[in-house]
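First the structure, in the form of structure tokens, and then the observations on it.
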Amino acid sequence: APAKTEEFATNLPAGVYAETVLSVTHYTDYLFRFTMTRPAGFRFRSGEFAMIGLVVGDKPIYRAYSIASPAWSEELEFFSIKVPDGPLTQHLQKIKPGDKVLMRKKPTGTLVLDALVPGKRLYMFSTGTGIAPFASLIRDPETYEKYEEVILTHTCREVAELKYGFDLVEEIRADEMLNEIVGDKLKHYATVTREDYPFKGRITDLIESGKLFADLGVPPLDPAVDRAMICGSMTMIRDTAALLEKAGLTEGANNNPAEFVIERAFVG
Ligand code: A2P
């Protein structure tokens, strides 16, 4: 795949970038993060996704990937699963610094600050690689201009899968400028469902029981002040959205901002 993608990159069709991989971090047998160069003219809003691809066989294949880096960053970051027979990820998981990766020029998505009406507290509910768009948003100063409190929840099956989220928060703390902006507004709430850990359970159960709010020391969901974004599997989105609706929040979109927005975590 690397050689064919490189060859394709020498004669790119309009609408496609070919960028250079800068770093690759493997977290588990099925999770990795990579960064690549950002094309000079490429604009996106924190939380959006782009189509990422490689040439496989004799044609490029693309999959949707949330851009995990914030809009101000010089590099583009992505957080991906590895699927042994995944058409793209079986190849993408083997990329090395210096390799080329394709990206379609138009980013899009609903997990953007503009799709929410103003509020005080922003919840970001994620499972698995669904944390990626929030990795972007929690590093964007605009998030903290708009909200007094930002709560990122991340639920995975196993503890090792949570590491990316903890690395992110550490990165923020190590960045003097960003850390000053974030202050104590950001709360990271990580739970697992299939291993022993101090914080256990599906986010839906933790919302329903009220344990999430008790642990965080915040009042129950209130449509007057609480806003939310959801990113995970289809069923996780459906079940979490149902709980938000029960609490009186309504779903919004880019052209119709409201109290919460959803996006499926993309898979390779
Ligand atoms: P569980 O282990 O109880 O299935 P997956 O890899 O299947 O997408 O799951 C990622 C995480 O999301 C797991 O911790 C899983 O919990 C949880 N999860 C799966 N389905 C739902 C759902 N419908 N509502 C809330 N959490 C879910």
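In the structure tokens, the first chain shown is A, the next is B, and so on; residue numbers restart at 1 for each chain, and ligands run from 1 in the order shown.
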Write out, as a Markdown table, each residue of chain A that has an atom at most 8 Å from ligand 1, together with the closest pair of atoms and their distance in Å to one decimal, counting only C-alpha atoms and all ligand atoms, rows going by chain and rising number.
```
| residue | atom | partner | partner_atom_place_in_ligand_line | distance |
| --- | --- | --- | --- | --- |
| A:Thr127 | CA | ligand 1 | 12 (O) | 4.9 |
| A:Gly128 | CA | ligand 1 | 10 (C) | 5.1 |
| A:Thr155 | CA | ligand 1 | 14 (O) | 5.0 |
| A:Cys156 | CA | ligand 1 | 14 (O) | 3.8 |
| A:Arg157 | CA | ligand 1 | 14 (O) | 4.0 |
| A:Glu158 | CA | ligand 1 | 14 (O) | 7.4 |
| A:Thr191 | CA | ligand 1 | 14 (O) | 7.6 |
| A:Val192 | CA | ligand 1 | 14 (O) | 5.5 |
| A:Thr193 | CA | ligand 1 | 2 (O) | 4.6 |
| A:Arg194 | CA | ligand 1 | 2 (O) | 5.5 |
| A:Gly201 | CA | ligand 1 | 3 (O) | 7.0 |
| A:Arg202 | CA | ligand 1 | 26 (N) | 4.5 |
| A:Ile203 | CA | ligand 1 | 25 (C) | 5.5 |
| A:Thr204 | CA | ligand 1 | 25 (C) | 5.0 |
| A:Asp205 | CA | ligand 1 | 25 (C) | 7.4 |
| A:Gly232 | CA | ligand 1 | 8 (O) | 6.5 |
| A:Ser233 | CA | ligand 1 | 8 (O) | 5.1 |
| A:Met234 | CA | ligand 1 | 23 (N) | 7.5 |
| A:Thr235 | CA | ligand 1 | 23 (N) | 4.1 |
| A:Met236 | CA | ligand 1 | 22 (C) | 3.5 |
| A:Ile237 | CA | ligand 1 | 24 (N) | 7.0 |
| A:Arg238 | CA | ligand 1 | 23 (N) | 7.0 |
| A:Asp239 | CA | ligand 1 | 23 (N) | 5.4 |
| A:Thr240 | CA | ligand 1 | 24 (N) | 6.4 |
```
Selection above as a file: C-alpha atoms, as an mmCIF file, in the first residue's frame:
```cif
data_model
loop_
_atom_site.group_PDB
_atom_site.id
_atom_site.type_symbol
_atom_site.label_atom_id
_atom_site.label_comp_id
_atom_site.auth_asym_id
_atom_site.auth_seq_id
_atom_site.Cartn_x
_atom_site.Cartn_y
_atom_site.Cartn_z
ATOM 1 C CA THR A 127 -17.083 5.081 23.700
ATOM 2 C CA GLY A 128 -14.021 3.530 22.039
ATOM 3 C CA THR A 155 -16.108 4.226 28.200
ATOM 4 C CA CYS A 156 -14.256 1.222 26.832
ATOM 5 C CA ARG A 157 -14.324 -2.485 27.380
ATOM 6 C CA GLU A 158 -10.808 -2.585 28.865
ATOM 7 C CA THR A 191 -15.003 3.919 32.817
ATOM 8 C CA VAL A 192 -14.645 0.320 31.661
ATOM 9 C CA THR A 193 -17.231 -2.383 31.298
ATOM 10 C CA ARG A 194 -15.336 -5.662 31.057
ATOM 11 C CA GLY A 201 -20.158 0.664 33.833
ATOM 12 C CA ARG A 202 -21.835 1.831 30.666
ATOM 13 C CA ILE A 203 -22.359 5.574 30.516
ATOM 14 C CA THR A 204 -26.082 5.001 29.999
ATOM 15 C CA ASP A 205 -26.338 3.093 33.283
ATOM 16 C CA GLY A 232 -19.956 5.938 19.829
ATOM 17 C CA SER A 233 -21.617 2.891 18.328
ATOM 18 C CA MET A 234 -25.117 3.105 16.857
ATOM 19 C CA THR A 235 -26.696 1.516 19.917
ATOM 20 C CA MET A 236 -24.685 3.643 22.357
ATOM 21 C CA ILE A 237 -25.791 6.797 20.544
ATOM 22 C CA ARG A 238 -29.407 5.685 20.445
ATOM 23 C CA ASP A 239 -29.520 4.771 24.129
ATOM 24 C CA THR A 240 -27.632 7.852 25.313
#
```
Write out as a list in words the residues lying within 12 Å of Leu212 (chain A), counting only C-alpha atoms and excluding same-chain residues fewer than 3 positions away.
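Residues near the query, excluding close chain neighbours: Tyr123, Phe125, Ile151, Leu152, Thr153, His154, Lys187, His188, Tyr189, Ala190, Thr191, Phe199, Lys200, Gly201, Arg202, Ile203, Thr204, Asp205, Leu206, Ile207, Glu208, Ser209, Asp215, Leu216, Gly217, Val218, Pro219, Pro220 and Leu221 of chain A.
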Residues within 8 Å of region 119-121 of chain A, please, as a list in words. Count only C-alpha atoms; anything in the same chain fewer than 6 positions from it doesn't count.
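Here the qualifying residues turn out to be Lys146, Tyr147, Glu148, Glu149, Val150, Ile151, Ala224, Val225, Asp226 and Arg227 of chain A.
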With N, CA and C atoms retained, could you export that selection as a short mmCIF file (atom, residue, chain, number, x, y, z; two decimals), in the first residue's frame?
```cif
data_model
loop_
_atom_site.label_atom_id
_atom_site.label_comp_id
_atom_site.auth_asym_id
_atom_site.auth_seq_id
_atom_site.Cartn_x
_atom_site.Cartn_y
_atom_site.Cartn_z
N LYS A 146 -16.87 29.16 25.46
CA LYS A 146 -18.32 28.98 25.40
C LYS A 146 -18.91 28.27 26.61
N TYR A 147 -18.10 27.52 27.34
CA TYR A 147 -18.62 26.72 28.46
C TYR A 147 -17.83 26.93 29.75
N GLU A 148 -18.55 26.91 30.85
CA GLU A 148 -17.91 27.04 32.16
C GLU A 148 -17.32 25.70 32.60
N GLU A 149 -17.92 24.62 32.09
CA GLU A 149 -17.49 23.29 32.50
C GLU A 149 -17.58 22.35 31.30
N VAL A 150 -16.56 21.51 31.12
CA VAL A 150 -16.52 20.58 30.00
C VAL A 150 -16.26 19.18 30.56
N ILE A 151 -17.21 18.28 30.34
CA ILE A 151 -17.09 16.94 30.91
C ILE A 151 -16.96 15.91 29.80
N ALA A 224 -31.79 23.63 30.55
CA ALA A 224 -31.54 25.07 30.60
C ALA A 224 -30.05 25.38 30.51
N VAL A 225 -29.21 24.49 31.04
CA VAL A 225 -27.77 24.79 31.10
C VAL A 225 -26.87 23.73 30.48
N ASP A 226 -27.38 22.50 30.36
CA ASP A 226 -26.52 21.41 29.90
C ASP A 226 -26.62 21.20 28.39
N ARG A 227 -25.46 21.00 27.76
CA ARG A 227 -25.37 20.68 26.34
C ARG A 227 -24.59 19.39 26.21
#
```
Every residue of region 65-207 of chain A that DSSP places in helix (DSSP H, G or I), as an MDAnalysis selection string:
chainID A and resid 89:92 113:115 128:137 141:146 159:174 176:182 203:207
Take the residues that were just selected and, keeping N, CA and C atoms, output them as a short mmCIF file (atom, residue, chain, number, x, y, z; two decimals), in the first residue's frame.
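Once everything was written out, this is result_3.cif:
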```
data_model
loop_
_atom_site.label_atom_id
_atom_site.label_comp_id
_atom_site.auth_asym_id
_atom_site.auth_seq_id
_atom_site.Cartn_x
_atom_site.Cartn_y
_atom_site.Cartn_z
N THR A 89 -8.21 -0.37 7.32
CA THR A 89 -7.38 -0.37 8.54
C THR A 89 -6.34 -1.50 8.56
N GLN A 90 -6.58 -2.59 7.83
CA GLN A 90 -5.54 -3.63 7.81
C GLN A 90 -4.25 -3.10 7.18
N HIS A 91 -4.38 -2.09 6.32
CA HIS A 91 -3.20 -1.46 5.71
C HIS A 91 -2.75 -0.23 6.49
N LEU A 92 -3.75 0.57 6.92
CA LEU A 92 -3.44 1.82 7.61
C LEU A 92 -2.66 1.56 8.90
N LEU A 113 -19.23 23.05 17.80
CA LEU A 113 -19.80 23.97 18.79
C LEU A 113 -20.97 24.76 18.21
N ASP A 114 -20.90 25.07 16.91
CA ASP A 114 -21.96 25.86 16.26
C ASP A 114 -23.30 25.14 16.21
N ALA A 115 -23.32 23.84 16.39
CA ALA A 115 -24.57 23.09 16.29
C ALA A 115 -25.31 23.04 17.63
N GLY A 128 -15.04 3.97 23.00
CA GLY A 128 -14.02 3.53 22.04
C GLY A 128 -13.38 4.68 21.28
N THR A 129 -13.27 4.54 19.94
CA THR A 129 -12.65 5.60 19.14
C THR A 129 -13.56 6.81 19.00
N GLY A 130 -14.75 6.73 19.56
CA GLY A 130 -15.66 7.88 19.57
C GLY A 130 -15.11 9.07 20.35
N ILE A 131 -14.00 8.87 21.03
CA ILE A 131 -13.37 9.99 21.75
C ILE A 131 -12.66 10.95 20.78
N ALA A 132 -12.39 10.51 19.55
CA ALA A 132 -11.57 11.30 18.61
C ALA A 132 -12.06 12.74 18.37
N PRO A 133 -13.34 12.95 18.02
CA PRO A 133 -13.76 14.34 17.80
C PRO A 133 -13.61 15.19 19.06
N PHE A 134 -13.72 14.56 20.22
CA PHE A 134 -13.62 15.30 21.48
C PHE A 134 -12.16 15.60 21.82
N ALA A 135 -11.26 14.75 21.31
CA ALA A 135 -9.83 15.04 21.45
C ALA A 135 -9.53 16.37 20.78
N SER A 136 -10.23 16.64 19.70
CA SER A 136 -10.08 17.92 19.01
C SER A 136 -10.71 19.05 19.85
N LEU A 137 -11.94 18.85 20.24
CA LEU A 137 -12.69 19.92 20.93
C LEU A 137 -12.13 20.28 22.31
N PRO A 141 -9.49 26.28 22.36
CA PRO A 141 -9.83 27.34 23.32
C PRO A 141 -11.29 27.80 23.23
N GLU A 142 -11.87 27.75 22.04
CA GLU A 142 -13.26 28.20 21.86
C GLU A 142 -14.23 27.41 22.76
N THR A 143 -13.92 26.14 22.98
CA THR A 143 -14.77 25.30 23.84
C THR A 143 -14.87 25.91 25.23
N TYR A 144 -13.74 26.45 25.71
CA TYR A 144 -13.69 26.99 27.07
C TYR A 144 -14.18 28.44 27.13
N GLU A 145 -14.23 29.09 25.95
CA GLU A 145 -14.84 30.41 25.91
C GLU A 145 -16.35 30.26 26.02
N LYS A 146 -16.87 29.16 25.46
CA LYS A 146 -18.32 28.98 25.40
C LYS A 146 -18.91 28.27 26.61
N VAL A 159 -9.26 -1.43 30.29
CA VAL A 159 -8.48 -0.30 30.79
C VAL A 159 -7.45 0.20 29.77
N ALA A 160 -6.79 -0.71 29.07
CA ALA A 160 -5.74 -0.31 28.11
C ALA A 160 -6.29 0.63 27.03
N GLU A 161 -7.57 0.49 26.74
CA GLU A 161 -8.19 1.32 25.69
C GLU A 161 -8.41 2.76 26.15
N LEU A 162 -8.31 2.98 27.45
CA LEU A 162 -8.53 4.34 27.98
C LEU A 162 -7.29 5.21 27.85
N LYS A 163 -6.15 4.60 27.55
CA LYS A 163 -4.87 5.32 27.64
C LYS A 163 -4.83 6.56 26.74
N TYR A 164 -5.35 6.44 25.55
CA TYR A 164 -5.35 7.58 24.64
C TYR A 164 -5.97 8.81 25.32
N GLY A 165 -7.08 8.62 25.99
CA GLY A 165 -7.76 9.72 26.68
C GLY A 165 -6.91 10.32 27.80
N PHE A 166 -6.25 9.46 28.55
CA PHE A 166 -5.40 9.96 29.63
C PHE A 166 -4.18 10.69 29.07
N ASP A 167 -3.64 10.18 27.96
CA ASP A 167 -2.52 10.86 27.30
C ASP A 167 -2.91 12.27 26.86
N LEU A 168 -4.13 12.38 26.34
CA LEU A 168 -4.64 13.67 25.87
C LEU A 168 -4.67 14.70 26.99
N VAL A 169 -5.23 14.28 28.11
CA VAL A 169 -5.35 15.21 29.24
C VAL A 169 -3.97 15.60 29.75
N GLU A 170 -3.06 14.63 29.76
CA GLU A 170 -1.68 14.92 30.17
C GLU A 170 -1.03 15.92 29.22
N GLU A 171 -1.31 15.74 27.94
CA GLU A 171 -0.77 16.65 26.92
C GLU A 171 -1.27 18.07 27.15
N ILE A 172 -2.54 18.17 27.48
CA ILE A 172 -3.10 19.50 27.76
C ILE A 172 -2.41 20.12 28.96
N ARG A 173 -2.23 19.32 30.00
CA ARG A 173 -1.61 19.83 31.23
C ARG A 173 -0.16 20.24 31.00
N ALA A 174 0.50 19.59 30.04
CA ALA A 174 1.91 19.88 29.77
C ALA A 174 2.08 21.08 28.85
N GLU A 176 1.63 24.77 28.39
CA GLU A 176 1.43 25.89 29.31
C GLU A 176 0.25 26.78 28.90
N MET A 177 0.20 27.12 27.61
CA MET A 177 -0.84 28.03 27.14
C MET A 177 -2.23 27.39 27.23
N LEU A 178 -2.30 26.17 26.75
CA LEU A 178 -3.58 25.47 26.74
C LEU A 178 -4.05 25.18 28.16
N ASN A 179 -3.12 24.76 29.00
CA ASN A 179 -3.45 24.44 30.38
C ASN A 179 -4.04 25.64 31.12
N GLU A 180 -3.52 26.82 30.80
CA GLU A 180 -4.02 28.05 31.41
C GLU A 180 -5.47 28.31 30.98
N ILE A 181 -5.76 28.05 29.71
CA ILE A 181 -7.10 28.26 29.18
C ILE A 181 -8.08 27.22 29.75
N VAL A 182 -7.63 25.98 29.80
CA VAL A 182 -8.48 24.87 30.26
C VAL A 182 -8.74 24.98 31.77
N ILE A 203 -22.00 4.19 30.21
CA ILE A 203 -22.36 5.57 30.52
C ILE A 203 -23.88 5.72 30.68
N THR A 204 -24.62 4.93 29.91
CA THR A 204 -26.08 5.00 30.00
C THR A 204 -26.55 4.60 31.41
N ASP A 205 -25.96 3.54 31.93
CA ASP A 205 -26.34 3.09 33.28
C ASP A 205 -25.93 4.13 34.33
N LEU A 206 -24.77 4.76 34.09
CA LEU A 206 -24.27 5.74 35.06
C LEU A 206 -25.10 7.02 35.03
N ILE A 207 -25.68 7.34 33.88
CA ILE A 207 -26.59 8.49 33.79
C ILE A 207 -27.90 8.13 34.50
#
```
To test your reading of the structure, identify every residue in region 101-242 of chain A that backbone DSSP assigns to strand (DSSP E), and report it as a VMD selection string.
chain A and resid 101 to 104 121 to 127 149 to 156 186 to 192 226 to 232
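Interatomic distance, CA of Pro118 (chain A) to CA of Ala242 (chain A): 21.2 Å.
Distances here use only C-alpha atoms; by that measure, the residue among A:Ala1, A:Leu12, A:Ala50, A:Ala18 closest to Gly109 (chain A) is A:Ala50.
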To one decimal place, how far is CA of Arg38 (chain A) from CA of Lys82 (chain A) in Å?
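Here the two named atoms are 22.9 Å from each other.
Closest approach to Leu31 (chain A) among A:Phe79, A:Phe260, A:Phe213, A:Tyr197 is made by A:Phe79 (distances from only C-alpha atoms).
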Quote the spacing between CA of Gly98 (chain A) and CA of Val21 (chain A) in Å to one decimal place.
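Between CA of Gly98 (chain A) and CA of Val21 (chain A) the gap is 5.2 Å.
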Excluding Met36 (chain A) and residues on its chain fewer than 2 positions from it, collect all residues at most 7 Å away from it, counting only C-alpha atoms, and give them as a ChimeraX atom specification.
/A:19-22,34,38,75-77
Pick from A:Gln93, A:Ser80, A:Asn254, A:Ser23, whichever lies nearest to Val112 (chain A) using only C-alpha atoms
A:Asn254
Go through A:Glu195, A:Pro39, A:Leu186, A:Met124 and flag the residue nearest Ala241 (chain A), using only C-alpha atoms for the distances.
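The shortest atom-to-atom distance to Ala241 (chain A) comes from A:Met124.
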